[in-house]
Structures are given as C-alpha cells and as structure tokens.
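Colleague: The structure under discussion is supplied below as structure tokens; questions concerning it will follow.
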Amino acid sequence: MVTYAGLTVVGGTVITSVWGNMVRDAAIVPFSTAADRTTAIAAPNDGQLTYRSDVAQFESYKTASTSWVPKPGTVIARAHRGTDSSTTTTEVGVLRLDSIPIVNGVTYSIISSAMYLLSTTGDILNIRFRYNTAGAATTGSSQLGQAFQTITNSIQPTSAILNVLYPAATTGSLSVLLSITRASGSGNAKVFGSSEFWVAVGSIADPGDTGVDI
C-alpha cells in the first residue's frame, strides 16, 4: 500500500526494494492492454493509476468495485446519426448505443448534441433517454431523462438538448436509446437532420442522492 510516510526518504538511509516498489505503484504506469496490466499487477491498490495505450485513456483502480475505471471526463462511448429520424405520432427510437462498459458505484454523464425537432406548430414533442443493462434498450425500457419542447414554427425547427446522470448499480454493459414522441398535437414529429449523444465518466464514486423534496 502506497503511503506518504512510506515514500519519504531519510538522509543517510539505504533505499530498499519496498520503497522502490512503492514508488512504482504511485507512478502512472503505461500498459498496452488490460490483459498486460492484469498480468503485471496482481493486487492493485485503491486509486492506483495506469495508462492503456490500446484505448488511449488513463484508468484508476476502484477497490470497492474490483474494477479499473477511466478517469472522470473520459468519453467511453458515442453514437451519431446523420439523417432525419422517422416521422411519428407515437414514441420511436432515433439512435441507440449498446455495449457501454459500466462499473458499479460509478456515475456516468449521458449528453446529447443540440437536436432540431420538427412538427406542426403548437405540437409538444418529447425526447427521452431509455436504458437497459440486460440487453438492447427499447421504447419500453426504463426512462432515464426527458425534455419537452413546444413547436413554434412548422418550418423552422426547435432545438433541444438532453443531459442526464446515470449512477451505475451494477458492473457490466449499458444500452441507451434516444427516442422522440409527440406528446400532444396533430402533426408528425421527427428529429430533423443529425443527432448524437455520448457517455462520459462523471465521478468514480457516486455521492448518492442527498436532495430534499420541497
């Protein structure tokens, strides 16, 4: 275990292998792959930092989850659609991102670009993120976040951005679906032009929900 006191060098003393190994564990060590790291580090220290060249990212070890986690802010997955979505009066999927690696106890930010929503003037459109940790997300999956926009011009699209936080309760894979629906009105709703979203590590430890309902 790396400690501040253990790294302190006292003048006139011999530098031992214990001190040298502690310095090694405190450094950011580069590895080509996760497999190479596993072979080299049999018992990682909590908070130990490494760099993986195969994915070009820094990762730290989280003992509570027995997993290596990319540093906060790292974009771990992204999705892009360059065409209009299907027109709809009910909820339909626009873009889905599968096999997103998640670690229990870590929070993730799921953020969309500005999307242009188009329908009949006066219609209220709803965009949502839905998620699934046991397969591909669908319009019937649990909702993670949503936003509403009222269409004020049937020719000039209205923009919307969706930004949510996902606290992972399991280690595995996450699937996220971006969907659109017409909440009210009479027109055919769609996302006009391109749409995209990405997933980034928010914080390595979830602080928990400490909000107070007022």
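In the structure tokens, chains take letters A, B, ... by order of appearance, with residues numbered from 1 within each chain and ligands from 1 in the order shown.
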If we count only C-alpha atoms, what is near stretch 60-71 of chain A at a cut-off of 8 Å, once residues fewer than 2 positions away on the same chain are taken out, given as a list in words?
Modeller: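 Close residues of stretch 60-71 of chain A: Pro44, Asn45, Asp46, Gly47, Gln48, Leu49, Thr50, Gln57, Phe58, Gly73, Thr74, Val103, Asn104, Gly105, Thr171, Val201 and Ile204 of chain A.
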Colleague: Those same residues, written as a PDB file, in the first residue's frame with C-alpha atoms?
Modeller:
ATOM      1  CA  PRO A  44      -3.869  -3.276  -7.392  1.00  0.00           C
ATOM      2  CA  ASN A  45      -4.052  -0.537  -4.773  1.00  0.00           C
ATOM      3  CA  ASP A  46      -7.211   1.533  -4.414  1.00  0.00           C
ATOM      4  CA  GLY A  47      -6.743   4.652  -6.547  1.00  0.00           C
ATOM      5  CA  GLN A  48      -3.718   3.278  -8.417  1.00  0.00           C
ATOM      6  CA  LEU A  49      -3.343   4.965 -11.819  1.00  0.00           C
ATOM      7  CA  THR A  50      -2.358   3.396 -15.139  1.00  0.00           C
ATOM      8  CA  GLN A  57      -7.028   6.502 -21.645  1.00  0.00           C
ATOM      9  CA  PHE A  58      -5.966   6.826 -18.024  1.00  0.00           C
ATOM     10  CA  GLY A  73     -14.438  13.212 -18.050  1.00  0.00           C
ATOM     11  CA  THR A  74     -13.339  10.365 -20.311  1.00  0.00           C
ATOM     12  CA  VAL A 103     -18.809  -0.152 -13.203  1.00  0.00           C
ATOM     13  CA  ASN A 104     -20.918  -0.427 -10.062  1.00  0.00           C
ATOM     14  CA  GLY A 105     -20.838   2.738  -7.938  1.00  0.00           C
ATOM     15  CA  THR A 171     -20.875  -3.801 -13.369  1.00  0.00           C
ATOM     16  CA  VAL A 201     -17.397   9.072 -16.727  1.00  0.00           C
ATOM     17  CA  ILE A 204     -15.654   7.409  -9.728  1.00  0.00           C
TER      18      ILE A 204
END
Colleague: Do a neighbour search on stretch 136-142 of chain A at 8 Å with only C-alpha atoms, toss out local chain neighbours closer than 3 positions, and write the hits as an mmCIF file with N, CA and C atoms, in the first residue's frame.
Modeller:
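Result file around.cif:
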data_model
loop_
_atom_site.group_PDB
_atom_site.id
_atom_site.type_symbol
_atom_site.label_atom_id
_atom_site.label_comp_id
_atom_site.auth_asym_id
_atom_site.auth_seq_id
_atom_site.Cartn_x
_atom_site.Cartn_y
_atom_site.Cartn_z
ATOM 1 N N GLU A 91 -44.090 7.136 -29.680
ATOM 2 C CA GLU A 91 -42.661 7.095 -29.370
ATOM 3 C C GLU A 91 -41.919 6.120 -30.284
ATOM 4 N N VAL A 92 -40.831 6.601 -30.894
ATOM 5 C CA VAL A 92 -39.967 5.752 -31.723
ATOM 6 C C VAL A 92 -38.513 6.026 -31.374
ATOM 7 N N GLY A 93 -37.684 5.029 -31.589
ATOM 8 C CA GLY A 93 -36.261 5.200 -31.362
ATOM 9 C C GLY A 93 -35.616 6.017 -32.465
ATOM 10 N N ARG A 96 -29.485 4.425 -30.956
ATOM 11 C CA ARG A 96 -29.201 3.555 -29.803
ATOM 12 C C ARG A 96 -27.707 3.278 -29.728
ATOM 13 N N ASP A 98 -25.106 0.640 -27.756
ATOM 14 C CA ASP A 98 -25.040 -0.607 -26.983
ATOM 15 C C ASP A 98 -23.628 -0.862 -26.453
ATOM 16 N N ARG A 130 -33.732 6.211 -22.747
ATOM 17 C CA ARG A 130 -34.153 4.982 -22.071
ATOM 18 C C ARG A 130 -32.956 4.042 -21.997
ATOM 19 N N TYR A 131 -32.933 3.195 -20.960
ATOM 20 C CA TYR A 131 -31.743 2.367 -20.769
ATOM 21 C C TYR A 131 -32.093 0.934 -20.379
ATOM 22 N N ASN A 132 -31.113 0.056 -20.598
ATOM 23 C CA ASN A 132 -31.265 -1.357 -20.242
ATOM 24 C C ASN A 132 -29.879 -1.915 -19.941
ATOM 25 N N THR A 133 -29.756 -2.691 -18.878
ATOM 26 C CA THR A 133 -28.479 -3.339 -18.543
ATOM 27 C C THR A 133 -28.520 -4.837 -18.813
ATOM 28 N N SER A 175 -27.078 -0.216 -22.346
ATOM 29 C CA SER A 175 -27.615 0.173 -23.652
ATOM 30 C C SER A 175 -28.496 1.387 -23.441
ATOM 31 N N VAL A 176 -28.294 2.417 -24.265
ATOM 32 C CA VAL A 176 -29.061 3.657 -24.145
ATOM 33 C C VAL A 176 -29.754 3.961 -25.467
ATOM 34 N N LEU A 177 -31.032 4.290 -25.384
ATOM 35 C CA LEU A 177 -31.829 4.637 -26.563
ATOM 36 C C LEU A 177 -32.282 6.089 -26.473
ATOM 37 N N SER A 179 -35.017 8.558 -27.929
ATOM 38 C CA SER A 179 -36.304 8.426 -28.611
ATOM 39 C C SER A 179 -37.008 9.768 -28.720
#
Colleague: Just the residues within 8 Å of A:Trp198, please, counting only C-alpha atoms, with nothing from its chain fewer than 2 positions along; format it as a ChimeraX atom specification.
Modeller: /A:75-79,110-112,196,200
Colleague: DSSP says strand (DSSP E) for which residues of stretch 117-192 of chain A? Put them as number ranges by chain?
Modeller: A: 117-118, 124-132, 142-150, 158-160, 163-167, 172-184, 190-192
Colleague: Neighbouring residues of stretch 51-54 of chain A were defined as those with any atom within 9 Å, considering only C-alpha atoms; residues of the same chain fewer than 2 positions away were excluded. Please report them as a PyMOL selection string.
Modeller: chain A and resi 28-34+37+49+56-60
Colleague: So that I can check the surroundings of A:Ser113, please list as a PyMOL selection string every protein, DNA and RNA residue that reaches within 8 Å of it, counting only C-alpha atoms and ignoring chain neighbours fewer than 6 positions away.
Modeller: chain A and resi 161-162+195-197
Colleague: So which residues of stretch 31-199 of chain A fall under helix (DSSP H, G or I) by DSSP, listed as an MDAnalysis selection string?
Modeller: chainID A and resid 34:40 63:65
Colleague: Would you mind telling me which residue in A:Gly20, A:Pro207, A:Pro167, A:Gly82 lies nearest to A:Phe192 when using only C-alpha atoms?
Modeller: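 Among the listed residues, A:Gly82 lies closest to A:Phe192.
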Colleague: Can you tell me which residues surround A:Ser184 at a distance of at most 12 Å, considering only C-alpha atoms, apart from same-chain residues fewer than 2 positions away, and format the answer as a PDB file with N, CA, C and O atoms, in the first residue's frame?
Modeller:
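Printed below is result_28.pdb as written:
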ATOM      1  N   THR A  88     -43.280  10.488 -36.664  1.00  0.00           N
ATOM      2  CA  THR A  88     -44.056   9.662 -35.748  1.00  0.00           C
ATOM      3  C   THR A  88     -45.122  10.467 -35.009  1.00  0.00           C
ATOM      4  O   THR A  88     -45.024  11.686 -34.887  1.00  0.00           O
ATOM      5  N   THR A  89     -46.118   9.772 -34.538  1.00  0.00           N
ATOM      6  CA  THR A  89     -47.101  10.353 -33.616  1.00  0.00           C
ATOM      7  C   THR A  89     -47.021   9.633 -32.273  1.00  0.00           C
ATOM      8  O   THR A  89     -47.659  10.036 -31.311  1.00  0.00           O
ATOM      9  N   THR A  90     -46.252   8.537 -32.239  1.00  0.00           N
ATOM     10  CA  THR A  90     -46.012   7.793 -31.003  1.00  0.00           C
ATOM     11  C   THR A  90     -44.507   7.724 -30.771  1.00  0.00           C
ATOM     12  O   THR A  90     -43.724   8.209 -31.586  1.00  0.00           O
ATOM     13  N   GLU A  91     -44.090   7.136 -29.680  1.00  0.00           N
ATOM     14  CA  GLU A  91     -42.661   7.095 -29.370  1.00  0.00           C
ATOM     15  C   GLU A  91     -41.919   6.120 -30.284  1.00  0.00           C
ATOM     16  O   GLU A  91     -42.307   4.958 -30.420  1.00  0.00           O
ATOM     17  N   SER A 119     -42.256  19.549 -36.245  1.00  0.00           N
ATOM     18  CA  SER A 119     -43.620  19.033 -36.302  1.00  0.00           C
ATOM     19  C   SER A 119     -44.542  20.216 -36.634  1.00  0.00           C
ATOM     20  O   SER A 119     -44.084  21.284 -37.056  1.00  0.00           O
ATOM     21  N   THR A 120     -45.834  20.029 -36.417  1.00  0.00           N
ATOM     22  CA  THR A 120     -46.809  21.085 -36.668  1.00  0.00           C
ATOM     23  C   THR A 120     -46.763  22.130 -35.551  1.00  0.00           C
ATOM     24  O   THR A 120     -46.560  21.785 -34.380  1.00  0.00           O
ATOM     25  N   THR A 121     -46.952  23.399 -35.903  1.00  0.00           N
ATOM     26  CA  THR A 121     -46.953  24.477 -34.921  1.00  0.00           C
ATOM     27  C   THR A 121     -47.952  24.188 -33.787  1.00  0.00           C
ATOM     28  O   THR A 121     -49.097  23.814 -34.044  1.00  0.00           O
ATOM     29  N   GLY A 122     -47.476  24.329 -32.558  1.00  0.00           N
ATOM     30  CA  GLY A 122     -48.311  24.067 -31.389  1.00  0.00           C
ATOM     31  C   GLY A 122     -48.140  22.677 -30.809  1.00  0.00           C
ATOM     32  O   GLY A 122     -48.555  22.425 -29.663  1.00  0.00           O
ATOM     33  N   ASP A 123     -47.560  21.763 -31.563  1.00  0.00           N
ATOM     34  CA  ASP A 123     -47.316  20.415 -31.039  1.00  0.00           C
ATOM     35  C   ASP A 123     -46.281  20.459 -29.912  1.00  0.00           C
ATOM     36  O   ASP A 123     -45.368  21.293 -29.932  1.00  0.00           O
ATOM     37  N   ILE A 124     -46.423  19.556 -28.945  1.00  0.00           N
ATOM     38  CA  ILE A 124     -45.424  19.397 -27.886  1.00  0.00           C
ATOM     39  C   ILE A 124     -44.703  18.074 -28.115  1.00  0.00           C
ATOM     40  O   ILE A 124     -45.339  17.010 -28.169  1.00  0.00           O
ATOM     41  N   LEU A 125     -43.391  18.157 -28.298  1.00  0.00           N
ATOM     42  CA  LEU A 125     -42.582  16.970 -28.549  1.00  0.00           C
ATOM     43  C   LEU A 125     -41.760  16.611 -27.321  1.00  0.00           C
ATOM     44  O   LEU A 125     -41.352  17.475 -26.550  1.00  0.00           O
ATOM     45  N   ASN A 126     -41.526  15.337 -27.168  1.00  0.00           N
ATOM     46  CA  ASN A 126     -40.812  14.806 -26.010  1.00  0.00           C
ATOM     47  C   ASN A 126     -39.647  13.955 -26.497  1.00  0.00           C
ATOM     48  O   ASN A 126     -39.831  13.039 -27.300  1.00  0.00           O
ATOM     49  N   PHE A 148     -39.072  18.383 -22.952  1.00  0.00           N
ATOM     50  CA  PHE A 148     -40.217  18.748 -23.786  1.00  0.00           C
ATOM     51  C   PHE A 148     -39.916  20.048 -24.520  1.00  0.00           C
ATOM     52  O   PHE A 148     -39.235  20.926 -23.993  1.00  0.00           O
ATOM     53  N   GLN A 149     -40.444  20.161 -25.732  1.00  0.00           N
ATOM     54  CA  GLN A 149     -40.358  21.410 -26.474  1.00  0.00           C
ATOM     55  C   GLN A 149     -41.670  21.632 -27.223  1.00  0.00           C
ATOM     56  O   GLN A 149     -42.245  20.698 -27.781  1.00  0.00           O
ATOM     57  N   THR A 150     -42.133  22.884 -27.210  1.00  0.00           N
ATOM     58  CA  THR A 150     -43.314  23.254 -27.980  1.00  0.00           C
ATOM     59  C   THR A 150     -42.873  23.818 -29.329  1.00  0.00           C
ATOM     60  O   THR A 150     -42.013  24.702 -29.384  1.00  0.00           O
ATOM     61  N   ILE A 151     -43.411  23.277 -30.396  1.00  0.00           N
ATOM     62  CA  ILE A 151     -43.051  23.724 -31.732  1.00  0.00           C
ATOM     63  C   ILE A 151     -43.736  25.065 -32.010  1.00  0.00           C
ATOM     64  O   ILE A 151     -44.965  25.176 -31.969  1.00  0.00           O
ATOM     65  N   THR A 181     -41.175  11.443 -29.313  1.00  0.00           N
ATOM     66  CA  THR A 181     -42.614  11.194 -29.419  1.00  0.00           C
ATOM     67  C   THR A 181     -43.356  12.527 -29.458  1.00  0.00           C
ATOM     68  O   THR A 181     -42.834  13.547 -29.003  1.00  0.00           O
ATOM     69  N   ARG A 182     -44.533  12.496 -30.019  1.00  0.00           N
ATOM     70  CA  ARG A 182     -45.398  13.678 -29.973  1.00  0.00           C
ATOM     71  C   ARG A 182     -46.265  13.553 -28.737  1.00  0.00           C
ATOM     72  O   ARG A 182     -47.129  12.682 -28.658  1.00  0.00           O
ATOM     73  N   SER A 186     -51.145  17.447 -33.450  1.00  0.00           N
ATOM     74  CA  SER A 186     -51.714  16.711 -34.580  1.00  0.00           C
ATOM     75  C   SER A 186     -50.719  16.414 -35.691  1.00  0.00           C
ATOM     76  O   SER A 186     -51.062  15.778 -36.688  1.00  0.00           O
ATOM     77  N   GLY A 187     -49.468  16.870 -35.542  1.00  0.00           N
ATOM     78  CA  GLY A 187     -48.500  16.696 -36.617  1.00  0.00           C
ATOM     79  C   GLY A 187     -47.676  15.428 -36.500  1.00  0.00           C
ATOM     80  O   GLY A 187     -47.853  14.619 -35.589  1.00  0.00           O
ATOM     81  N   ASN A 188     -46.770  15.266 -37.462  1.00  0.00           N
ATOM     82  CA  ASN A 188     -45.828  14.158 -37.466  1.00  0.00           C
ATOM     83  C   ASN A 188     -44.481  14.661 -36.959  1.00  0.00           C
ATOM     84  O   ASN A 188     -43.863  15.538 -37.583  1.00  0.00           O
ATOM     85  N   ALA A 189     -44.040  14.126 -35.839  1.00  0.00           N
ATOM     86  CA  ALA A 189     -42.828  14.607 -35.188  1.00  0.00           C
ATOM     87  C   ALA A 189     -41.597  13.874 -35.706  1.00  0.00           C
ATOM     88  O   ALA A 189     -41.651  12.700 -36.068  1.00  0.00           O
TER      89      ALA A 189
END
Colleague: Quick one: distance from atom CA of A:Gly135 to atom CA of A:Tyr116 in Å, one decimal?
Modeller: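 Going from atom CA of A:Gly135 over to atom CA of A:Tyr116, I get 28.6 Å.
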Colleague: Between atom CA of A:Gly193 and atom CA of A:Leu117, what is the distance in Å, rounded to a tenth?
Modeller: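 Result for atom CA of A:Gly193 versus atom CA of A:Leu117: 9.0 Å, one decimal.
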Colleague: Would you compute the distance between atom CA of A:Gly145 and atom CA of A:Ile180? Give it in Å to one decimal.
Modeller: 12.0 Å
Colleague: Any idea what's packed within 6 Å of A:Lys190, counting only C-alpha atoms, ignoring anything in its chain fewer than 4 positions away? Could you give it as a PyMOL selection string?
Modeller: chain A and resi 85+87+117-118
